[in-house]
>>> print(open('query_10.cif').read())   # mmCIF, N, CA and C atoms and all ligand atoms
data_query
loop_
_atom_site.group_PDB
_atom_site.id
_atom_site.type_symbol
_atom_site.label_atom_id
_atom_site.label_comp_id
_atom_site.auth_asym_id
_atom_site.auth_seq_id
_atom_site.Cartn_x
_atom_site.Cartn_y
_atom_site.Cartn_z
ATOM 1 N N MET A 15 1.002 6.043 -8.595
ATOM 2 C CA MET A 15 0.469 7.395 -8.745
ATOM 3 C C MET A 15 -0.425 7.700 -7.541
ATOM 4 N N GLN A 16 -0.140 8.792 -6.892
ATOM 5 C CA GLN A 16 -0.965 9.217 -5.760
ATOM 6 C C GLN A 16 -1.722 10.478 -6.163
ATOM 7 N N PHE A 17 -2.825 10.740 -5.460
ATOM 8 C CA PHE A 17 -3.601 11.939 -5.751
ATOM 9 C C PHE A 17 -2.745 13.197 -5.621
ATOM 10 N N LYS A 18 -1.807 13.192 -4.664
ATOM 11 C CA LYS A 18 -0.981 14.388 -4.439
ATOM 12 C C LYS A 18 -0.074 14.690 -5.632
ATOM 13 N N ASP A 19 0.164 13.701 -6.485
ATOM 14 C CA ASP A 19 1.025 13.893 -7.654
ATOM 15 C C ASP A 19 0.278 14.515 -8.828
ATOM 16 N N ILE A 20 -1.021 14.678 -8.713
ATOM 17 C CA ILE A 20 -1.843 15.173 -9.818
ATOM 18 C C ILE A 20 -2.237 16.614 -9.537
ATOM 19 N N GLN A 21 -1.902 17.481 -10.472
ATOM 20 C CA GLN A 21 -2.241 18.892 -10.330
ATOM 21 C C GLN A 21 -3.743 19.095 -10.578
ATOM 22 N N GLY A 22 -4.354 19.949 -9.784
ATOM 23 C CA GLY A 22 -5.757 20.297 -9.993
ATOM 24 C C GLY A 22 -6.696 19.142 -9.735
ATOM 25 N N HIS A 23 -7.833 19.149 -10.406
ATOM 26 C CA HIS A 23 -8.855 18.105 -10.282
ATOM 27 C C HIS A 23 -9.314 17.901 -8.831
ATOM 28 N N THR A 24 -9.275 18.950 -8.046
ATOM 29 C CA THR A 24 -9.603 18.836 -6.628
ATOM 30 C C THR A 24 -11.006 18.282 -6.417
ATOM 31 N N HIS A 25 -11.971 18.799 -7.170
ATOM 32 C CA HIS A 25 -13.356 18.348 -7.012
ATOM 33 C C HIS A 25 -13.485 16.858 -7.344
ATOM 34 N N THR A 26 -12.868 16.434 -8.446
ATOM 35 C CA THR A 26 -12.946 15.031 -8.847
ATOM 36 C C THR A 26 -12.248 14.129 -7.838
ATOM 37 N N LYS A 27 -11.088 14.551 -7.364
ATOM 38 C CA LYS A 27 -10.385 13.761 -6.339
ATOM 39 C C LYS A 27 -11.275 13.584 -5.119
ATOM 40 N N ASN A 28 -11.895 14.660 -4.679
ATOM 41 C CA ASN A 28 -12.759 14.582 -3.499
ATOM 42 C C ASN A 28 -13.948 13.648 -3.730
ATOM 43 N N LEU A 29 -14.525 13.699 -4.924
ATOM 44 C CA LEU A 29 -15.639 12.798 -5.239
ATOM 45 C C LEU A 29 -15.194 11.338 -5.184
ATOM 46 N N LEU A 30 -14.030 11.050 -5.763
ATOM 47 C CA LEU A 30 -13.525 9.676 -5.777
ATOM 48 C C LEU A 30 -13.205 9.199 -4.362
ATOM 49 N N ILE A 31 -12.564 10.038 -3.583
ATOM 50 C CA ILE A 31 -12.227 9.683 -2.192
ATOM 51 C C ILE A 31 -13.503 9.446 -1.391
ATOM 52 N N GLN A 32 -14.507 10.264 -1.649
ATOM 53 C CA GLN A 32 -15.779 10.130 -0.929
ATOM 54 C C GLN A 32 -16.440 8.774 -1.190
ATOM 55 N N THR A 33 -16.315 8.257 -2.431
ATOM 56 C CA THR A 33 -16.914 6.952 -2.732
ATOM 57 C C THR A 33 -16.278 5.851 -1.893
ATOM 58 N N VAL A 34 -14.977 5.982 -1.634
ATOM 59 C CA VAL A 34 -14.285 4.974 -0.808
ATOM 60 C C VAL A 34 -14.713 5.126 0.650
ATOM 61 N N LYS A 35 -14.756 6.354 1.131
ATOM 62 C CA LYS A 35 -15.141 6.595 2.523
ATOM 63 C C LYS A 35 -16.544 6.074 2.818
ATOM 64 N N GLU A 36 -17.432 6.232 1.848
ATOM 65 C CA GLU A 36 -18.826 5.823 2.036
ATOM 66 C C GLU A 36 -19.076 4.385 1.580
ATOM 67 N N ASN A 37 -17.994 3.698 1.197
ATOM 68 C CA ASN A 37 -18.096 2.316 0.733
ATOM 69 C C ASN A 37 -19.094 2.199 -0.429
ATOM 70 N N ARG A 38 -19.003 3.132 -1.360
ATOM 71 C CA ARG A 38 -19.884 3.155 -2.525
ATOM 72 C C ARG A 38 -19.047 3.104 -3.810
ATOM 73 N N ILE A 39 -18.091 2.219 -3.864
ATOM 74 C CA ILE A 39 -17.222 2.119 -5.031
ATOM 75 C C ILE A 39 -17.974 1.402 -6.142
ATOM 76 N N SER A 40 -18.105 2.064 -7.255
ATOM 77 C CA SER A 40 -18.827 1.491 -8.380
ATOM 78 C C SER A 40 -18.023 0.351 -9.008
ATOM 79 N N HIS A 41 -18.718 -0.576 -9.651
ATOM 80 C CA HIS A 41 -18.033 -1.679 -10.308
ATOM 81 C C HIS A 41 -17.282 -1.211 -11.551
ATOM 82 N N ALA A 42 -17.621 -0.014 -12.050
ATOM 83 C CA ALA A 42 -16.938 0.540 -13.212
ATOM 84 C C ALA A 42 -16.942 2.060 -13.115
ATOM 85 N N GLN A 43 -15.901 2.672 -13.615
ATOM 86 C CA GLN A 43 -15.807 4.131 -13.658
ATOM 87 C C GLN A 43 -15.338 4.516 -15.055
ATOM 88 N N LEU A 44 -15.886 5.571 -15.599
ATOM 89 C CA LEU A 44 -15.448 6.093 -16.886
ATOM 90 C C LEU A 44 -14.797 7.446 -16.660
ATOM 91 N N PHE A 45 -13.533 7.557 -17.007
ATOM 92 C CA PHE A 45 -12.805 8.820 -16.885
ATOM 93 C C PHE A 45 -12.715 9.405 -18.291
ATOM 94 N N LEU A 46 -13.464 10.447 -18.513
ATOM 95 C CA LEU A 46 -13.598 11.026 -19.849
ATOM 96 C C LEU A 46 -13.059 12.449 -19.858
ATOM 97 N N GLY A 47 -12.313 12.782 -20.907
ATOM 98 C CA GLY A 47 -11.796 14.138 -21.019
ATOM 99 C C GLY A 47 -10.829 14.230 -22.173
ATOM 100 N N PRO A 48 -10.409 15.444 -22.504
ATOM 101 C CA PRO A 48 -9.478 15.610 -23.621
ATOM 102 C C PRO A 48 -8.119 14.988 -23.306
ATOM 103 N N GLU A 49 -7.371 14.693 -24.365
ATOM 104 C CA GLU A 49 -6.053 14.097 -24.208
ATOM 105 C C GLU A 49 -5.162 15.009 -23.372
ATOM 106 N N GLY A 50 -4.487 14.401 -22.411
ATOM 107 C CA GLY A 50 -3.547 15.162 -21.593
ATOM 108 C C GLY A 50 -4.146 15.862 -20.392
ATOM 109 N N CYS A 51 -5.429 15.634 -20.124
ATOM 110 C CA CYS A 51 -6.082 16.339 -19.013
ATOM 111 C C CYS A 51 -5.814 15.688 -17.660
ATOM 112 N N GLY A 52 -5.254 14.472 -17.670
ATOM 113 C CA GLY A 52 -4.942 13.801 -16.405
ATOM 114 C C GLY A 52 -5.901 12.702 -16.026
ATOM 115 N N LYS A 53 -6.768 12.322 -16.942
ATOM 116 C CA LYS A 53 -7.761 11.291 -16.610
ATOM 117 C C LYS A 53 -7.117 9.939 -16.320
ATOM 118 N N LEU A 54 -6.073 9.558 -17.041
ATOM 119 C CA LEU A 54 -5.410 8.285 -16.781
ATOM 120 C C LEU A 54 -4.720 8.315 -15.414
ATOM 121 N N ALA A 55 -4.059 9.402 -15.109
ATOM 122 C CA ALA A 55 -3.403 9.531 -13.794
ATOM 123 C C ALA A 55 -4.429 9.449 -12.670
ATOM 124 N N LEU A 56 -5.567 10.088 -12.851
ATOM 125 C CA LEU A 56 -6.623 10.034 -11.837
ATOM 126 C C LEU A 56 -7.144 8.613 -11.665
ATOM 127 N N ALA A 57 -7.326 7.916 -12.763
ATOM 128 C CA ALA A 57 -7.835 6.541 -12.698
ATOM 129 C C ALA A 57 -6.843 5.637 -11.960
ATOM 130 N N ILE A 58 -5.561 5.784 -12.242
ATOM 131 C CA ILE A 58 -4.545 4.966 -11.572
ATOM 132 C C ILE A 58 -4.464 5.330 -10.089
ATOM 133 N N ALA A 59 -4.511 6.615 -9.770
ATOM 134 C CA ALA A 59 -4.470 7.053 -8.371
ATOM 135 C C ALA A 59 -5.687 6.534 -7.605
ATOM 136 N N TYR A 60 -6.830 6.519 -8.264
ATOM 137 C CA TYR A 60 -8.052 6.014 -7.633
ATOM 138 C C TYR A 60 -7.937 4.509 -7.372
ATOM 139 N N ALA A 61 -7.456 3.757 -8.350
ATOM 140 C CA ALA A 61 -7.282 2.313 -8.169
ATOM 141 C C ALA A 61 -6.287 2.033 -7.046
ATOM 142 N N GLN A 62 -5.216 2.796 -7.007
ATOM 143 C CA GLN A 62 -4.210 2.622 -5.950
ATOM 144 C C GLN A 62 -4.802 2.959 -4.586
ATOM 145 N N TYR A 63 -5.588 4.013 -4.551
ATOM 146 C CA TYR A 63 -6.227 4.422 -3.284
ATOM 147 C C TYR A 63 -7.157 3.322 -2.775
ATOM 148 N N ILE A 64 -7.899 2.712 -3.665
ATOM 149 C CA ILE A 64 -8.817 1.641 -3.276
ATOM 150 C C ILE A 64 -8.035 0.443 -2.728
ATOM 151 N N ALA A 65 -6.917 0.102 -3.372
ATOM 152 C CA ALA A 65 -6.160 -1.095 -3.001
ATOM 153 C C ALA A 65 -5.269 -0.908 -1.783
ATOM 154 N N CYS A 66 -4.910 0.316 -1.466
ATOM 155 C CA CYS A 66 -3.941 0.578 -0.391
ATOM 156 C C CYS A 66 -4.552 0.251 0.979
ATOM 157 N N PRO A 67 -3.912 -0.633 1.749
ATOM 158 C CA PRO A 67 -4.435 -0.949 3.086
ATOM 159 C C PRO A 67 -4.098 0.124 4.121
ATOM 160 N N ASN A 68 -3.205 1.038 3.783
ATOM 161 C CA ASN A 68 -2.775 2.081 4.735
ATOM 162 C C ASN A 68 -3.182 3.476 4.278
ATOM 163 N N ARG A 69 -4.235 3.572 3.482
ATOM 164 C CA ARG A 69 -4.622 4.878 2.951
ATOM 165 C C ARG A 69 -5.028 5.829 4.078
ATOM 166 N N THR A 70 -4.823 7.110 3.799
ATOM 167 C CA THR A 70 -5.221 8.146 4.746
ATOM 168 C C THR A 70 -6.569 8.696 4.305
ATOM 169 N N GLU A 71 -6.990 9.767 4.915
ATOM 170 C CA GLU A 71 -8.257 10.397 4.551
ATOM 171 C C GLU A 71 -8.213 10.963 3.135
ATOM 172 N N THR A 72 -7.013 11.281 2.643
ATOM 173 C CA THR A 72 -6.921 11.989 1.371
ATOM 174 C C THR A 72 -6.059 11.328 0.307
ATOM 175 N N ASP A 73 -5.326 10.257 0.666
ATOM 176 C CA ASP A 73 -4.445 9.666 -0.342
ATOM 177 C C ASP A 73 -3.982 8.276 0.086
ATOM 178 N N SER A 74 -3.447 7.552 -0.887
ATOM 179 C CA SER A 74 -2.839 6.252 -0.573
ATOM 180 C C SER A 74 -1.490 6.512 0.093
ATOM 181 N N CYS A 75 -0.919 5.459 0.729
ATOM 182 C CA CYS A 75 0.326 5.667 1.486
ATOM 183 C C CYS A 75 1.531 5.832 0.563
ATOM 184 N N GLY A 76 1.518 5.130 -0.574
ATOM 185 C CA GLY A 76 2.616 5.256 -1.524
ATOM 186 C C GLY A 76 3.813 4.371 -1.234
ATOM 187 N N VAL A 77 3.814 3.644 -0.116
ATOM 188 C CA VAL A 77 4.983 2.848 0.230
ATOM 189 C C VAL A 77 4.685 1.363 0.457
ATOM 190 N N CYS A 78 3.427 0.994 0.622
ATOM 191 C CA CYS A 78 3.106 -0.417 0.899
ATOM 192 C C CYS A 78 3.290 -1.238 -0.390
ATOM 193 N N PRO A 79 3.328 -2.552 -0.283
ATOM 194 C CA PRO A 79 3.503 -3.387 -1.478
ATOM 195 C C PRO A 79 2.428 -3.140 -2.550
ATOM 196 N N GLN A 80 1.180 -2.921 -2.122
ATOM 197 C CA GLN A 80 0.118 -2.638 -3.095
ATOM 198 C C GLN A 80 0.436 -1.348 -3.877
ATOM 199 N N CYS A 81 0.777 -0.310 -3.156
ATOM 200 C CA CYS A 81 1.093 0.970 -3.800
ATOM 201 C C CYS A 81 2.305 0.851 -4.719
ATOM 202 N N GLN A 82 3.321 0.135 -4.273
ATOM 203 C CA GLN A 82 4.526 -0.014 -5.096
ATOM 204 C C GLN A 82 4.210 -0.713 -6.413
ATOM 205 N N LYS A 83 3.334 -1.719 -6.365
ATOM 206 C CA LYS A 83 2.954 -2.414 -7.596
ATOM 207 C C LYS A 83 2.167 -1.491 -8.520
ATOM 208 N N TYR A 84 1.271 -0.672 -7.939
ATOM 209 C CA TYR A 84 0.531 0.269 -8.776
ATOM 210 C C TYR A 84 1.462 1.303 -9.388
ATOM 211 N N GLN A 85 2.436 1.762 -8.618
ATOM 212 C CA GLN A 85 3.357 2.778 -9.123
ATOM 213 C C GLN A 85 4.236 2.241 -10.242
ATOM 214 N N LYS A 86 4.476 0.931 -10.224
ATOM 215 C CA LYS A 86 5.255 0.306 -11.305
ATOM 216 C C LYS A 86 4.336 -0.204 -12.421
ATOM 217 N N LEU A 87 3.018 -0.019 -12.240
ATOM 218 C CA LEU A 87 1.998 -0.463 -13.207
ATOM 219 C C LEU A 87 2.038 -1.979 -13.404
ATOM 220 N N VAL A 88 2.369 -2.717 -12.351
ATOM 221 C CA VAL A 88 2.436 -4.173 -12.453
ATOM 222 C C VAL A 88 1.470 -4.868 -11.489
ATOM 223 N N HIS A 89 0.586 -4.120 -10.862
ATOM 224 C CA HIS A 89 -0.363 -4.751 -9.944
ATOM 225 C C HIS A 89 -1.281 -5.674 -10.740
ATOM 226 N N PRO A 90 -1.519 -6.899 -10.246
ATOM 227 C CA PRO A 90 -2.334 -7.844 -11.024
ATOM 228 C C PRO A 90 -3.780 -7.394 -11.228
ATOM 229 N N ASP A 91 -4.267 -6.458 -10.434
ATOM 230 C CA ASP A 91 -5.646 -5.960 -10.612
ATOM 231 C C ASP A 91 -5.716 -4.738 -11.521
ATOM 232 N N LEU A 92 -4.586 -4.298 -12.053
ATOM 233 C CA LEU A 92 -4.549 -3.125 -12.926
ATOM 234 C C LEU A 92 -4.495 -3.593 -14.373
ATOM 235 N N HIS A 93 -5.527 -3.252 -15.128
ATOM 236 C CA HIS A 93 -5.609 -3.668 -16.528
ATOM 237 C C HIS A 93 -5.866 -2.452 -17.413
ATOM 238 N N PHE A 94 -5.212 -2.373 -18.517
ATOM 239 C CA PHE A 94 -5.436 -1.304 -19.489
ATOM 240 C C PHE A 94 -6.147 -1.893 -20.698
ATOM 241 N N VAL A 95 -7.249 -1.264 -21.074
ATOM 242 C CA VAL A 95 -8.048 -1.759 -22.202
ATOM 243 C C VAL A 95 -8.015 -0.723 -23.319
HETATM 244 ZN ZN ZN B 1 -0.306 1.942 0.183
#
>>> encode(input="query_10.cif", output="C-alpha cells", more="lines below")
Ligand SMILES: [Zn+2]
Amino acid sequence: MQFKDIQGHTHTKNLLIQTVKENRISHAQLFLGPEGCGKLALAIAYAQYIACPNRTETDSCGVCPQCQKYQKLVHPDLHFV
C-alpha cells in the first residue's frame, strides 16, 4: 500500500511523511477513526514508507523487495494485533 493509493487524508499523510524526514518516528502510532475511513491503509502505507530504502519525498517506491513484502502483507516487521 502506497500513500498515492489512499484517497484524501492529505494532512495526515504529510504529518506522517514529515516524521520520517525529520527522523522523529515514534515507537508507536495509534490510527483512530470510524470503520472504513482508511486508517488501516494509512498505517500500512506508513510502515511501508518507513521500510522502503528507495522512498521519495512523498511515497515509497512500491517495487523494492521491502515494498513488495508490505504489499503482500507478509513483511516480517508487519504485525496485526
Ligand atoms: Zn520500496
>>> residues_around(input="query_10.cif", residues="region 63-71 of chain A", least_positions_apart="6", cutoff="8 Å", atoms="all atoms listed in the file", output="mmCIF file with N, CA and C atoms, keeping the file's coordinate frame")
data_model
loop_
_atom_site.group_PDB
_atom_site.id
_atom_site.type_symbol
_atom_site.label_atom_id
_atom_site.label_comp_id
_atom_site.auth_asym_id
_atom_site.auth_seq_id
_atom_site.Cartn_x
_atom_site.Cartn_y
_atom_site.Cartn_z
ATOM 1 N N MET A 15 1.002 6.043 -8.595
ATOM 2 C CA MET A 15 0.469 7.395 -8.745
ATOM 3 C C MET A 15 -0.425 7.700 -7.541
ATOM 4 N N GLN A 16 -0.140 8.792 -6.892
ATOM 5 C CA GLN A 16 -0.965 9.217 -5.760
ATOM 6 C C GLN A 16 -1.722 10.478 -6.163
ATOM 7 N N PHE A 17 -2.825 10.740 -5.460
ATOM 8 C CA PHE A 17 -3.601 11.939 -5.751
ATOM 9 C C PHE A 17 -2.745 13.197 -5.621
ATOM 10 N N ILE A 31 -12.564 10.038 -3.583
ATOM 11 C CA ILE A 31 -12.227 9.683 -2.192
ATOM 12 C C ILE A 31 -13.503 9.446 -1.391
ATOM 13 N N GLN A 32 -14.507 10.264 -1.649
ATOM 14 C CA GLN A 32 -15.779 10.130 -0.929
ATOM 15 C C GLN A 32 -16.440 8.774 -1.190
ATOM 16 N N VAL A 34 -14.977 5.982 -1.634
ATOM 17 C CA VAL A 34 -14.285 4.974 -0.808
ATOM 18 C C VAL A 34 -14.713 5.126 0.650
ATOM 19 N N ALA A 57 -7.326 7.916 -12.763
ATOM 20 C CA ALA A 57 -7.835 6.541 -12.698
ATOM 21 C C ALA A 57 -6.843 5.637 -11.960
ATOM 22 N N CYS A 78 3.427 0.994 0.622
ATOM 23 C CA CYS A 78 3.106 -0.417 0.899
ATOM 24 C C CYS A 78 3.290 -1.238 -0.390
ATOM 25 N N PRO A 79 3.328 -2.552 -0.283
ATOM 26 C CA PRO A 79 3.503 -3.387 -1.478
ATOM 27 C C PRO A 79 2.428 -3.140 -2.550
ATOM 28 N N GLN A 80 1.180 -2.921 -2.122
ATOM 29 C CA GLN A 80 0.118 -2.638 -3.095
ATOM 30 C C GLN A 80 0.436 -1.348 -3.877
ATOM 31 N N CYS A 81 0.777 -0.310 -3.156
ATOM 32 C CA CYS A 81 1.093 0.970 -3.800
ATOM 33 C C CYS A 81 2.305 0.851 -4.719
#
>>> select_by_dssp(input="query_10.cif", residues="chain A", states="alpha helix (DSSP H)", output="ChimeraX atom specification")
/A:24-35,53-65,79-85
>>> atom_distance(input="query_10.cif", atom1="atom C of Ala61 (chain A)", atom2="atom N of Gln21 (chain A)")
16.4 Å
>>> closest_residue(input="query_10.cif", among="A:Asn28, A:Asn37, A:Gln43, A:Gln62", to="Gln85 (chain A)", atoms="only N, CA and C atoms")
A:Gln62
>>> atom_distance(input="query_10.cif", atom1="CA of Gly22 (chain A)", atom2="atom ZN of ligand ZN 1 (chain B)")
21.7 Å
>>> closest_residue(input="query_10.cif", among="A:Ile58, A:Ile39, A:His25, A:Lys53", to="Lys86 (chain A)", atoms="only C-alpha atoms")
A:Ile58
>>> resolve_selection(input="query_10.cif", expression="the PyMOL selection byres (((chain A and resi 93 and name CA) around 12) and not hetatm and name CA)", output="short mmCIF file (atom, residue, chain, number, x, y, z; two decimals) with N, CA and C atoms, in the frame of the given file")
data_model
loop_
_atom_site.label_atom_id
_atom_site.label_comp_id
_atom_site.auth_asym_id
_atom_site.auth_seq_id
_atom_site.Cartn_x
_atom_site.Cartn_y
_atom_site.Cartn_z
N LEU A 54 -6.07 9.56 -17.04
CA LEU A 54 -5.41 8.28 -16.78
C LEU A 54 -4.72 8.32 -15.41
N ALA A 57 -7.33 7.92 -12.76
CA ALA A 57 -7.84 6.54 -12.70
C ALA A 57 -6.84 5.64 -11.96
N ILE A 58 -5.56 5.78 -12.24
CA ILE A 58 -4.54 4.97 -11.57
C ILE A 58 -4.46 5.33 -10.09
N ALA A 61 -7.46 3.76 -8.35
CA ALA A 61 -7.28 2.31 -8.17
C ALA A 61 -6.29 2.03 -7.05
N TYR A 84 1.27 -0.67 -7.94
CA TYR A 84 0.53 0.27 -8.78
C TYR A 84 1.46 1.30 -9.39
N LEU A 87 3.02 -0.02 -12.24
CA LEU A 87 2.00 -0.46 -13.21
C LEU A 87 2.04 -1.98 -13.40
N VAL A 88 2.37 -2.72 -12.35
CA VAL A 88 2.44 -4.17 -12.45
C VAL A 88 1.47 -4.87 -11.49
N HIS A 89 0.59 -4.12 -10.86
CA HIS A 89 -0.36 -4.75 -9.94
C HIS A 89 -1.28 -5.67 -10.74
N PRO A 90 -1.52 -6.90 -10.25
CA PRO A 90 -2.33 -7.84 -11.02
C PRO A 90 -3.78 -7.39 -11.23
N ASP A 91 -4.27 -6.46 -10.43
CA ASP A 91 -5.65 -5.96 -10.61
C ASP A 91 -5.72 -4.74 -11.52
N LEU A 92 -4.59 -4.30 -12.05
CA LEU A 92 -4.55 -3.12 -12.93
C LEU A 92 -4.50 -3.59 -14.37
N PHE A 94 -5.21 -2.37 -18.52
CA PHE A 94 -5.44 -1.30 -19.49
C PHE A 94 -6.15 -1.89 -20.70
N VAL A 95 -7.25 -1.26 -21.07
CA VAL A 95 -8.05 -1.76 -22.20
C VAL A 95 -8.02 -0.72 -23.32
#
>>> atom_distance(input="query_10.cif", atom1="CA of Gln82 (chain A)", atom2="CA of Gly47 (chain A)")
26.8 Å
